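Colleague: Have a peek at work.txt (compact mmCIF, C-alpha atoms).
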# COMPACT_ATOMS: atom_id res chain seq x y z
CA MET A 1 46.81 43.79 -227.27
CA GLN A 2 49.75 41.48 -226.83
CA ILE A 3 53.06 42.70 -225.44
CA LYS A 4 55.42 40.81 -227.71
CA GLY A 5 58.64 42.14 -226.22
CA ILE A 6 60.22 44.85 -224.06
CA SER A 7 63.74 46.23 -224.19
CA ILE A 8 65.38 48.75 -221.87
CA TYR A 9 68.25 51.21 -222.10
CA LEU A 10 70.09 52.36 -218.98
CA PRO A 11 72.81 55.01 -219.33
CA PRO A 12 76.28 53.80 -218.26
CA ASN A 13 76.83 56.62 -215.72
CA LYS A 14 75.85 55.62 -212.18
CA LEU A 15 75.12 57.88 -209.21
CA THR A 16 75.59 55.72 -206.11
CA ASN A 17 74.55 56.19 -202.51
CA LYS A 18 78.24 56.31 -201.62
CA GLU A 19 78.70 59.36 -203.85
CA LEU A 20 75.61 61.05 -202.39
CA SER A 21 76.79 60.23 -198.87
CA GLU A 22 80.20 61.79 -199.49
CA LYS A 23 78.66 64.89 -201.09
CA PHE A 24 75.85 65.59 -198.59
CA GLY A 25 77.09 63.99 -195.36
CA ILE A 26 74.16 61.56 -195.13
CA SER A 27 74.74 57.88 -194.44
CA GLU A 28 74.26 55.42 -197.28
CA ASP A 29 71.92 53.41 -195.07
CA ASP A 30 69.65 56.42 -194.45
CA ILE A 31 69.40 57.12 -198.19
CA PHE A 32 68.43 53.50 -198.88
CA LYS A 33 65.86 53.40 -196.04
CA LYS A 34 64.09 56.49 -197.41
CA THR A 35 64.10 55.48 -201.09
CA GLY A 36 64.91 51.79 -201.54
CA VAL A 37 67.52 52.89 -204.10
CA ILE A 38 71.22 51.95 -204.13
CA GLU A 39 72.16 53.51 -207.45
CA ARG A 40 70.48 55.38 -210.28
CA ARG A 41 71.59 56.14 -213.87
CA HIS A 42 72.23 59.59 -215.32
CA THR A 43 72.71 60.24 -219.01
CA SER A 44 74.91 63.04 -220.32
CA ILE A 45 73.77 66.39 -221.70
CA HIS A 46 74.96 65.17 -225.12
CA PHE A 47 72.81 62.00 -225.04
CA ASN A 48 69.22 63.06 -224.56
CA MET A 49 65.73 61.57 -224.48
CA GLU A 50 65.69 60.94 -228.23
CA ASP A 51 69.08 59.21 -228.16
CA MET A 52 68.12 56.91 -225.29
CA ALA A 53 64.80 56.11 -227.00
CA TYR A 54 66.66 55.23 -230.19
CA GLU A 55 68.97 52.83 -228.35
CA SER A 56 66.06 51.06 -226.64
CA VAL A 57 64.31 50.50 -229.98
CA VAL A 58 67.49 49.25 -231.67
CA GLN A 59 67.78 46.66 -228.90
CA LEU A 60 64.16 45.63 -229.38
CA PHE A 61 64.53 45.16 -233.14
CA SER A 62 67.69 43.12 -232.60
CA GLN A 63 65.37 40.60 -230.92
CA TYR A 64 62.43 41.01 -233.30
CA PRO A 65 63.88 42.22 -236.63
CA GLU A 66 60.93 40.87 -238.61
CA TYR A 67 58.61 43.54 -237.15
CA LYS A 68 60.63 46.65 -238.01
CA ASN A 69 58.95 47.12 -241.39
CA GLN A 70 55.52 46.30 -239.96
CA ILE A 71 55.25 49.14 -237.42
CA ASP A 72 52.07 51.17 -237.99
CA ALA A 73 52.42 53.58 -235.05
CA LEU A 74 55.19 55.04 -232.91
CA LEU A 75 54.20 56.50 -229.52
CA LEU A 76 56.91 58.38 -227.61
CA VAL A 77 56.20 59.01 -223.92
CA GLY A 78 58.21 61.22 -221.60
CA HIS A 79 59.69 64.70 -221.25
CA GLY A 80 62.80 66.33 -222.59
CA PHE A 81 61.79 66.28 -226.25
CA SER A 82 64.48 67.38 -228.68
CA TYR A 83 62.48 70.34 -230.03
CA LYS A 84 59.27 72.22 -229.35
CA ALA A 85 58.61 71.37 -232.99
CA PRO A 86 58.71 69.08 -234.86
CA ASN A 87 57.54 66.12 -232.80
CA THR A 88 60.45 64.04 -231.55
CA SER A 89 58.50 60.90 -232.49
CA ALA A 90 58.72 62.02 -236.13
CA VAL A 91 62.47 62.59 -235.79
CA LEU A 92 62.80 59.16 -234.19
CA GLN A 93 60.78 57.56 -237.00
CA GLY A 94 63.27 58.96 -239.48
CA ARG A 95 66.32 57.79 -237.52
CA LEU A 96 64.88 54.30 -237.18
CA GLU A 97 63.78 54.20 -240.84
CA LEU A 98 60.31 52.97 -239.91
CA PRO A 99 57.63 52.72 -242.65
CA ASP A 100 56.48 56.09 -244.00
CA HIS A 101 52.83 55.29 -243.22
CA CYS A 102 53.76 55.22 -239.52
CA TYR A 103 51.48 57.19 -237.17
CA CYS A 104 53.72 59.25 -234.84
CA LEU A 105 52.67 60.86 -231.56
CA ASP A 106 54.52 62.54 -228.67
CA LEU A 107 52.92 62.01 -225.26
CA PRO A 108 54.39 64.44 -222.68
CA HIS A 109 53.34 62.33 -219.71
CA GLY A 110 55.21 61.27 -216.60
CA CYS A 111 54.53 58.61 -213.99
CA ALA A 112 51.27 57.37 -215.57
CA GLY A 113 52.68 57.72 -219.08
CA TYR A 114 53.05 54.01 -219.84
CA ILE A 115 49.36 53.40 -219.05
CA TYR A 116 48.39 56.34 -221.25
CA GLY A 117 50.57 54.93 -224.02
CA LEU A 118 48.93 51.51 -223.74
CA SER A 119 45.48 53.11 -223.92
CA VAL A 120 46.41 55.04 -227.08
CA ALA A 121 47.83 51.84 -228.61
CA LYS A 122 44.56 50.04 -227.88
CA ALA A 123 42.50 52.92 -229.29
CA LEU A 124 44.57 52.93 -232.48
CA HIS A 125 44.10 49.18 -232.81
CA ASP A 126 40.35 49.21 -232.06
CA SER A 127 39.76 52.06 -234.53
CA GLY A 128 41.63 50.24 -237.29
CA ILE A 129 44.34 52.89 -237.57
CA ALA A 130 47.23 50.69 -236.46
CA GLN A 131 47.89 47.01 -235.78
CA ASN A 132 51.54 46.88 -234.74
CA VAL A 133 52.47 49.61 -232.27
CA LEU A 134 55.87 50.64 -230.93
CA LEU A 135 55.46 52.24 -227.49
CA VAL A 136 58.63 54.02 -226.34
CA THR A 137 59.26 55.70 -222.98
CA SER A 138 62.26 57.92 -222.30
CA ASP A 139 62.91 60.34 -219.45
CA THR A 140 65.84 62.49 -218.32
CA PRO A 141 64.90 63.78 -214.84
CA SER A 142 68.59 64.38 -214.14
CA TYR A 143 68.44 67.33 -216.57
CA VAL A 144 66.09 69.26 -214.25
CA ILE A 145 67.45 68.47 -210.78
CA GLN A 146 69.66 71.00 -209.02
CA ASN A 147 73.06 69.74 -207.88
CA ASN A 148 72.23 70.53 -204.24
CA ASP A 149 68.84 68.76 -204.15
CA VAL A 150 69.67 65.57 -202.26
CA GLU A 151 66.04 64.42 -202.08
CA LEU A 152 65.45 64.39 -205.84
CA LEU A 153 68.96 63.20 -206.68
CA SER A 154 68.37 60.23 -204.35
CA ILE A 155 65.13 59.23 -206.05
CA PHE A 156 65.22 59.77 -209.82
CA GLY A 157 67.10 58.04 -212.62
CA ASP A 158 67.25 58.31 -216.43
CA SER A 159 66.26 55.48 -218.76
CA ALA A 160 64.33 54.45 -221.87
CA THR A 161 62.24 51.44 -222.88
CA ALA A 162 60.64 50.09 -226.04
CA THR A 163 57.56 47.84 -226.09
CA LEU A 164 56.32 45.98 -229.14
CA ILE A 165 52.52 45.71 -229.05
CA LEU A 166 50.67 43.35 -231.40
CA PRO A 167 46.98 42.42 -231.79
CA SER A 168 45.55 39.68 -229.56
CA THR A 169 42.22 38.24 -228.44
CA SER A 170 42.53 39.23 -224.77
CA SER A 171 39.22 40.13 -223.13
CA PHE A 172 40.85 42.44 -220.58
CA GLU A 173 42.63 45.78 -221.12
CA LYS A 174 39.85 48.01 -219.82
CA PHE A 175 41.34 51.21 -218.43
CA VAL A 176 40.56 53.55 -215.53
CA PHE A 177 41.98 57.09 -215.33
CA LYS A 178 41.78 59.97 -212.90
CA THR A 179 43.24 63.48 -212.97
CA ASP A 180 43.19 66.23 -210.34
CA GLY A 181 45.03 69.02 -212.14
CA LYS A 182 44.33 71.57 -209.40
CA HIS A 183 47.44 70.23 -207.69
CA PHE A 184 49.72 70.43 -210.72
CA ASP A 185 52.28 72.50 -208.79
CA LYS A 186 53.02 69.75 -206.23
CA LEU A 187 55.42 68.14 -208.68
CA ILE A 188 56.51 70.49 -211.43
CA VAL A 189 59.45 71.49 -213.62
CA GLU A 190 59.52 75.25 -213.17
CA ARG A 191 60.99 77.70 -215.70
CA SER A 192 60.73 75.06 -218.42
CA GLY A 193 58.10 76.44 -220.80
CA THR A 194 56.36 79.60 -221.92
CA ARG A 195 54.95 80.45 -218.47
CA ASN A 196 57.42 82.07 -216.05
CA ARG A 197 60.18 81.77 -218.62
CA MET A 198 63.87 81.68 -217.86
CA ASP A 199 65.62 85.03 -217.70
CA LYS A 200 69.17 86.35 -217.38
CA LYS A 201 69.08 86.13 -213.57
CA TYR A 202 68.07 82.47 -213.77
CA PHE A 203 71.09 81.60 -215.91
CA LEU A 204 73.51 83.70 -213.88
CA GLU A 205 72.55 81.62 -210.83
CA GLU A 206 73.77 78.53 -212.73
CA ASN A 207 70.44 76.74 -212.63
CA PRO A 208 69.73 73.71 -214.87
CA PRO A 209 69.23 74.93 -218.46
CA ASP A 210 66.05 72.85 -218.91
CA GLY A 211 64.20 74.04 -215.79
CA ILE A 212 64.07 73.03 -212.12
CA MET A 213 62.07 70.13 -210.74
CA LYS A 214 60.23 70.95 -207.51
CA MET A 215 58.40 68.28 -205.52
CA ASP A 216 56.15 68.41 -202.47
CA GLY A 217 56.90 64.84 -201.42
CA THR A 218 54.30 64.76 -198.65
CA SER A 219 51.48 65.81 -201.00
CA ILE A 220 52.50 63.24 -203.61
CA PHE A 221 52.65 60.51 -200.95
CA LEU A 222 49.24 61.39 -199.48
CA MET A 223 47.65 61.57 -202.93
CA SER A 224 49.01 58.15 -203.83
CA ILE A 225 47.85 56.51 -200.61
CA LYS A 226 44.39 58.05 -200.99
CA GLU A 227 43.81 57.57 -204.72
CA VAL A 228 45.65 54.40 -205.79
CA PRO A 229 43.58 51.85 -203.80
CA PRO A 230 40.22 52.97 -205.29
CA LEU A 231 41.88 53.14 -208.72
CA VAL A 232 42.91 49.48 -208.34
CA TYR A 233 39.46 48.40 -207.13
CA GLN A 234 37.73 50.24 -209.99
CA THR A 235 40.08 48.62 -212.52
CA LEU A 236 39.40 45.16 -211.12
CA GLU A 237 35.66 45.78 -211.20
CA LYS A 238 35.75 47.10 -214.77
CA ASN A 239 37.61 43.96 -215.88
CA ASN A 240 35.34 41.65 -213.82
CA LEU A 241 38.25 40.47 -211.68
CA SER A 242 39.24 40.29 -208.02
CA ILE A 243 42.63 40.71 -206.35
CA GLN A 244 42.83 36.91 -206.17
CA ASP A 245 42.53 36.71 -209.98
CA ILE A 246 45.63 38.85 -210.55
CA ASP A 247 48.96 37.02 -210.81
CA TYR A 248 51.12 40.12 -210.45
CA PHE A 249 50.69 43.78 -209.52
CA VAL A 250 53.15 46.22 -211.11
CA PHE A 251 52.83 49.81 -209.93
CA HIS A 252 54.85 52.88 -210.86
CA GLN A 253 58.12 52.48 -208.95
CA ALA A 254 58.00 55.75 -207.03
CA ASN A 255 59.91 54.61 -203.95
CA SER A 256 59.99 51.40 -201.94
CA PHE A 257 58.39 52.82 -198.80
CA MET A 258 55.33 54.15 -200.65
CA LEU A 259 54.91 50.89 -202.57
CA GLU A 260 54.99 48.82 -199.40
CA VAL A 261 52.34 51.03 -197.77
CA LEU A 262 50.12 50.58 -200.85
CA ARG A 263 50.67 46.82 -200.90
CA LYS A 264 49.62 46.47 -197.26
CA LYS A 265 46.63 48.78 -197.68
CA LEU A 266 45.38 46.73 -200.63
CA LYS A 267 46.24 43.45 -198.84
CA ILE A 268 48.21 42.18 -201.82
CA PRO A 269 50.40 39.14 -201.02
CA PRO A 270 54.13 40.01 -201.19
CA GLU A 271 54.77 37.28 -203.77
CA LYS A 272 52.32 38.98 -206.17
CA PHE A 273 53.75 42.47 -205.84
CA PHE A 274 56.76 44.00 -207.59
CA ASN A 275 58.83 46.37 -205.47
CA ASP A 276 62.44 46.65 -206.54
CA ILE A 277 64.04 49.88 -207.73
CA LYS A 278 67.45 49.28 -206.14
CA PHE A 279 69.49 49.76 -209.29
CA THR A 280 67.39 52.17 -211.36
CA GLY A 281 65.59 54.59 -209.04
CA ASN A 282 62.32 56.24 -210.03
CA THR A 283 62.52 56.25 -213.83
CA VAL A 284 59.20 58.10 -214.35
CA SER A 285 57.36 56.77 -217.44
CA SER A 286 59.85 53.92 -217.84
CA SER A 287 59.41 52.42 -214.38
CA ILE A 288 56.52 50.06 -215.25
CA PRO A 289 58.04 48.60 -218.44
CA ILE A 290 61.41 48.21 -216.65
CA ALA A 291 59.61 46.27 -213.92
CA LEU A 292 57.84 44.09 -216.50
CA HIS A 293 61.14 43.48 -218.30
CA GLN A 294 62.78 42.41 -215.05
CA LEU A 295 59.94 40.04 -214.19
CA LEU A 296 60.13 38.51 -217.66
CA GLN A 297 63.92 38.14 -217.39
CA GLU A 298 63.47 36.37 -214.04
CA LYS A 299 60.79 34.13 -215.64
CA LYS A 300 58.25 35.15 -213.02
CA LEU A 301 55.66 35.95 -215.69
CA GLN A 302 54.25 33.08 -217.70
CA LYS A 303 51.89 33.00 -220.66
CA GLY A 304 48.27 33.46 -219.61
CA MET A 305 49.06 35.38 -216.42
CA LYS A 306 47.07 38.52 -215.62
CA VAL A 307 49.01 41.61 -214.50
CA LEU A 308 47.48 44.78 -213.09
CA LEU A 309 49.46 47.91 -214.00
CA ALA A 310 48.99 51.24 -212.20
CA GLY A 311 50.76 54.57 -212.76
CA PHE A 312 50.40 57.71 -210.64
CA GLY A 313 52.24 60.91 -209.86
CA ILE A 314 53.03 64.17 -211.67
CA GLY A 315 49.97 66.25 -212.58
CA PHE A 316 48.06 64.17 -210.04
CA MET A 317 47.32 61.89 -213.00
CA LEU A 318 46.56 58.22 -212.42
CA GLY A 319 45.85 55.31 -214.74
CA ALA A 320 45.49 51.54 -214.45
CA THR A 321 44.66 48.51 -216.58
CA VAL A 322 44.94 44.73 -216.63
CA ILE A 323 47.02 42.96 -219.28
CA GLU A 324 47.35 39.28 -220.07
CA ILE A 325 50.82 37.92 -220.74
Would you write the structure of this file as structure tokens?

Modeller:
Amino acid sequence: MQIKGISIYLPPNKLTNKELSEKFGISEDDIFKKTGVIERRHTSIHFNMEDMAYESVVQLFSQYPEYKNQIDALLLVGHGFSYKAPNTSAVLQGRLELPDHCYCLDLPHGCAGYIYGLSVAKALHDSGIAQNVLLVTSDTPSYVIQNNDVELLSIFGDSATATLILPSTSSFEKFVFKTDGKHFDKLIVERSGTRNRMDKKYFLEENPPDGIMKMDGTSIFLMSIKEVPPLVYQTLEKNNLSIQDIDYFVFHQANSFMLEVLRKKLKIPPEKFFNDIKFTGNTVSSSIPIALHQLLQEKKLQKGMKVLLAGFGIGFMLGATVIEI
């Protein structure tokens, strides 16, 4: 696969550390030290996952208009789909006026979602089903965070990205995945589905209408520190590479402190490691493509470079691969 281009959409509304400080009585400096975030974006209730996804794709096609009528597959990763049915990817295909032979798939994945999307794109290509794939991520964590939850408000931001994936002759792109679903409740959006449904009491308490995110931050941190290093080593081994062979490491941007611990544990040189979520926060499935977009904008990634991508988090799901720019 070749990543031809990446576009991002960030909602205009910003939630700054100054606003959080004034609301919760915590210093701006303390918020930044714990998260590495200065501001994060929140969309409105009238501009949802589908709308943000649409905007990110429109931006992408403004750069690569010649590919719009050549898209064979549309993969939509994230949460907050417009309907339980039909698939939001099908709705998005219609809005974008993509070819009617387009394969459409919703992937309700979180922090490892971009890696899962890349693996599906590769499988579609290798099986002959699709050549030109549009991989879209879009998440609205702000919809499921309570107004008094300073921890989650400090961390998460809304965003969308679109990645144009074309065929290539790269010899890499071998994936490694791991899931430990026994711990699904350590990061969960409660009252959001058909189990433990919302009731009248829930609404009378003025809870978020799409469910409530609950996170055991310590468990997520310990899982990441334990599981990500072997995931990286297994991915390198599967691709017949070493840490020295990788030009850049781009991990899910969970928070700056966790990323720095992982970098040191893996002994990755600082100049090869991306750790910057100051102005976006943790954008869930969009964090890796946003990081790649930023590196490309800063011209830190050049043709022929090898980049190791790793996602990890909700559902205790992890995934990693190596791509060649």

Colleague: Of the residues A:Ala130, A:Cys104, A:Ile220, A:Ile325, which is the one nearest to Gln302 (chain A), using all atoms listed in the file?

Modeller: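 Looking only at the distances to Gln302 (chain A), the closest residue turns out to be A:Ile325.
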
Colleague: Skip region 48-61 of chain A itself and residues of its chain fewer than 4 positions away, then list as number ranges by chain all residues within 8 Å of it, counting all atoms listed in the file.

Modeller: A: 5-9, 11, 43-44, 65-68, 79-82, 88, 92, 95-96, 136-140, 159-164

Colleague: Print the selection's residues with C-alpha atoms to a file, as a PDB file, keeping the file's coordinate frame.

Modeller:
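That gives us again.pdb:
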ATOM      1  CA  GLY A   5      58.640  42.140-226.220  1.00  0.00           C
ATOM      2  CA  ILE A   6      60.220  44.850-224.060  1.00  0.00           C
ATOM      3  CA  SER A   7      63.740  46.230-224.190  1.00  0.00           C
ATOM      4  CA  ILE A   8      65.380  48.750-221.870  1.00  0.00           C
ATOM      5  CA  TYR A   9      68.250  51.210-222.100  1.00  0.00           C
ATOM      6  CA  PRO A  11      72.810  55.010-219.330  1.00  0.00           C
ATOM      7  CA  THR A  43      72.710  60.240-219.010  1.00  0.00           C
ATOM      8  CA  SER A  44      74.910  63.040-220.320  1.00  0.00           C
ATOM      9  CA  PRO A  65      63.880  42.220-236.630  1.00  0.00           C
ATOM     10  CA  GLU A  66      60.930  40.870-238.610  1.00  0.00           C
ATOM     11  CA  TYR A  67      58.610  43.540-237.150  1.00  0.00           C
ATOM     12  CA  LYS A  68      60.630  46.650-238.010  1.00  0.00           C
ATOM     13  CA  HIS A  79      59.690  64.700-221.250  1.00  0.00           C
ATOM     14  CA  GLY A  80      62.800  66.330-222.590  1.00  0.00           C
ATOM     15  CA  PHE A  81      61.790  66.280-226.250  1.00  0.00           C
ATOM     16  CA  SER A  82      64.480  67.380-228.680  1.00  0.00           C
ATOM     17  CA  THR A  88      60.450  64.040-231.550  1.00  0.00           C
ATOM     18  CA  LEU A  92      62.800  59.160-234.190  1.00  0.00           C
ATOM     19  CA  ARG A  95      66.320  57.790-237.520  1.00  0.00           C
ATOM     20  CA  LEU A  96      64.880  54.300-237.180  1.00  0.00           C
ATOM     21  CA  VAL A 136      58.630  54.020-226.340  1.00  0.00           C
ATOM     22  CA  THR A 137      59.260  55.700-222.980  1.00  0.00           C
ATOM     23  CA  SER A 138      62.260  57.920-222.300  1.00  0.00           C
ATOM     24  CA  ASP A 139      62.910  60.340-219.450  1.00  0.00           C
ATOM     25  CA  THR A 140      65.840  62.490-218.320  1.00  0.00           C
ATOM     26  CA  SER A 159      66.260  55.480-218.760  1.00  0.00           C
ATOM     27  CA  ALA A 160      64.330  54.450-221.870  1.00  0.00           C
ATOM     28  CA  THR A 161      62.240  51.440-222.880  1.00  0.00           C
ATOM     29  CA  ALA A 162      60.640  50.090-226.040  1.00  0.00           C
ATOM     30  CA  THR A 163      57.560  47.840-226.090  1.00  0.00           C
ATOM     31  CA  LEU A 164      56.320  45.980-229.140  1.00  0.00           C
TER      32      LEU A 164
END

Colleague: Taking 3 positions as the minimum chain separation for residues in the same chain, which residues sit within 7 Å of region 227-237 of chain A when counting only C-alpha atoms? Answer as a PyMOL selection string.

Modeller: chain A and resi 175-176+223-224+240-242+266+320-321

Colleague: In Å, how far is it from CA of Gly181 (chain A) to CA of Phe316 (chain A)?

Modeller: 6.1 Å

Colleague: Would you pick out the contacts of region 202-219 of chain A at 12 Å or less, using only C-alpha atoms, so that residues sharing its chain but fewer than 3 positions from it are not included, and give the list as a PDB file with C-alpha atoms, in the coordinates of the input?

Modeller:
ATOM      1  CA  LYS A  34      64.090  56.490-197.410  1.00  0.00           C
ATOM      2  CA  THR A  35      64.100  55.480-201.090  1.00  0.00           C
ATOM      3  CA  ILE A  45      73.770  66.390-221.700  1.00  0.00           C
ATOM      4  CA  ASN A  48      69.220  63.060-224.560  1.00  0.00           C
ATOM      5  CA  HIS A  79      59.690  64.700-221.250  1.00  0.00           C
ATOM      6  CA  GLY A  80      62.800  66.330-222.590  1.00  0.00           C
ATOM      7  CA  PHE A  81      61.790  66.280-226.250  1.00  0.00           C
ATOM      8  CA  SER A  82      64.480  67.380-228.680  1.00  0.00           C
ATOM      9  CA  TYR A  83      62.480  70.340-230.030  1.00  0.00           C
ATOM     10  CA  THR A 140      65.840  62.490-218.320  1.00  0.00           C
ATOM     11  CA  PRO A 141      64.900  63.780-214.840  1.00  0.00           C
ATOM     12  CA  SER A 142      68.590  64.380-214.140  1.00  0.00           C
ATOM     13  CA  TYR A 143      68.440  67.330-216.570  1.00  0.00           C
ATOM     14  CA  VAL A 144      66.090  69.260-214.250  1.00  0.00           C
ATOM     15  CA  ILE A 145      67.450  68.470-210.780  1.00  0.00           C
ATOM     16  CA  GLN A 146      69.660  71.000-209.020  1.00  0.00           C
ATOM     17  CA  ASN A 147      73.060  69.740-207.880  1.00  0.00           C
ATOM     18  CA  ASN A 148      72.230  70.530-204.240  1.00  0.00           C
ATOM     19  CA  ASP A 149      68.840  68.760-204.150  1.00  0.00           C
ATOM     20  CA  GLU A 151      66.040  64.420-202.080  1.00  0.00           C
ATOM     21  CA  LEU A 152      65.450  64.390-205.840  1.00  0.00           C
ATOM     22  CA  LEU A 153      68.960  63.200-206.680  1.00  0.00           C
ATOM     23  CA  ILE A 155      65.130  59.230-206.050  1.00  0.00           C
ATOM     24  CA  PHE A 156      65.220  59.770-209.820  1.00  0.00           C
ATOM     25  CA  HIS A 183      47.440  70.230-207.690  1.00  0.00           C
ATOM     26  CA  PHE A 184      49.720  70.430-210.720  1.00  0.00           C
ATOM     27  CA  ASP A 185      52.280  72.500-208.790  1.00  0.00           C
ATOM     28  CA  LYS A 186      53.020  69.750-206.230  1.00  0.00           C
ATOM     29  CA  LEU A 187      55.420  68.140-208.680  1.00  0.00           C
ATOM     30  CA  ILE A 188      56.510  70.490-211.430  1.00  0.00           C
ATOM     31  CA  VAL A 189      59.450  71.490-213.620  1.00  0.00           C
ATOM     32  CA  GLU A 190      59.520  75.250-213.170  1.00  0.00           C
ATOM     33  CA  ARG A 191      60.990  77.700-215.700  1.00  0.00           C
ATOM     34  CA  SER A 192      60.730  75.060-218.420  1.00  0.00           C
ATOM     35  CA  GLY A 193      58.100  76.440-220.800  1.00  0.00           C
ATOM     36  CA  THR A 194      56.360  79.600-221.920  1.00  0.00           C
ATOM     37  CA  ARG A 195      54.950  80.450-218.470  1.00  0.00           C
ATOM     38  CA  ASN A 196      57.420  82.070-216.050  1.00  0.00           C
ATOM     39  CA  ARG A 197      60.180  81.770-218.620  1.00  0.00           C
ATOM     40  CA  MET A 198      63.870  81.680-217.860  1.00  0.00           C
ATOM     41  CA  ASP A 199      65.620  85.030-217.700  1.00  0.00           C
ATOM     42  CA  LEU A 222      49.240  61.390-199.480  1.00  0.00           C
ATOM     43  CA  MET A 223      47.650  61.570-202.930  1.00  0.00           C
ATOM     44  CA  SER A 224      49.010  58.150-203.830  1.00  0.00           C
ATOM     45  CA  ILE A 225      47.850  56.510-200.610  1.00  0.00           C
ATOM     46  CA  LYS A 226      44.390  58.050-200.990  1.00  0.00           C
ATOM     47  CA  GLU A 227      43.810  57.570-204.720  1.00  0.00           C
ATOM     48  CA  ALA A 254      58.000  55.750-207.030  1.00  0.00           C
ATOM     49  CA  ASN A 255      59.910  54.610-203.950  1.00  0.00           C
ATOM     50  CA  MET A 258      55.330  54.150-200.650  1.00  0.00           C
ATOM     51  CA  GLY A 313      52.240  60.910-209.860  1.00  0.00           C
ATOM     52  CA  ILE A 314      53.030  64.170-211.670  1.00  0.00           C
ATOM     53  CA  GLY A 315      49.970  66.250-212.580  1.00  0.00           C
ATOM     54  CA  PHE A 316      48.060  64.170-210.040  1.00  0.00           C
TER      55      PHE A 316
END

Colleague: Please compute the CA of Pro86 (chain A)-CA of Ser285 (chain A) distance, one decimal, in Å.

Modeller: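 Result for CA of Pro86 (chain A) versus CA of Ser285 (chain A): 21.4 Å, one decimal.
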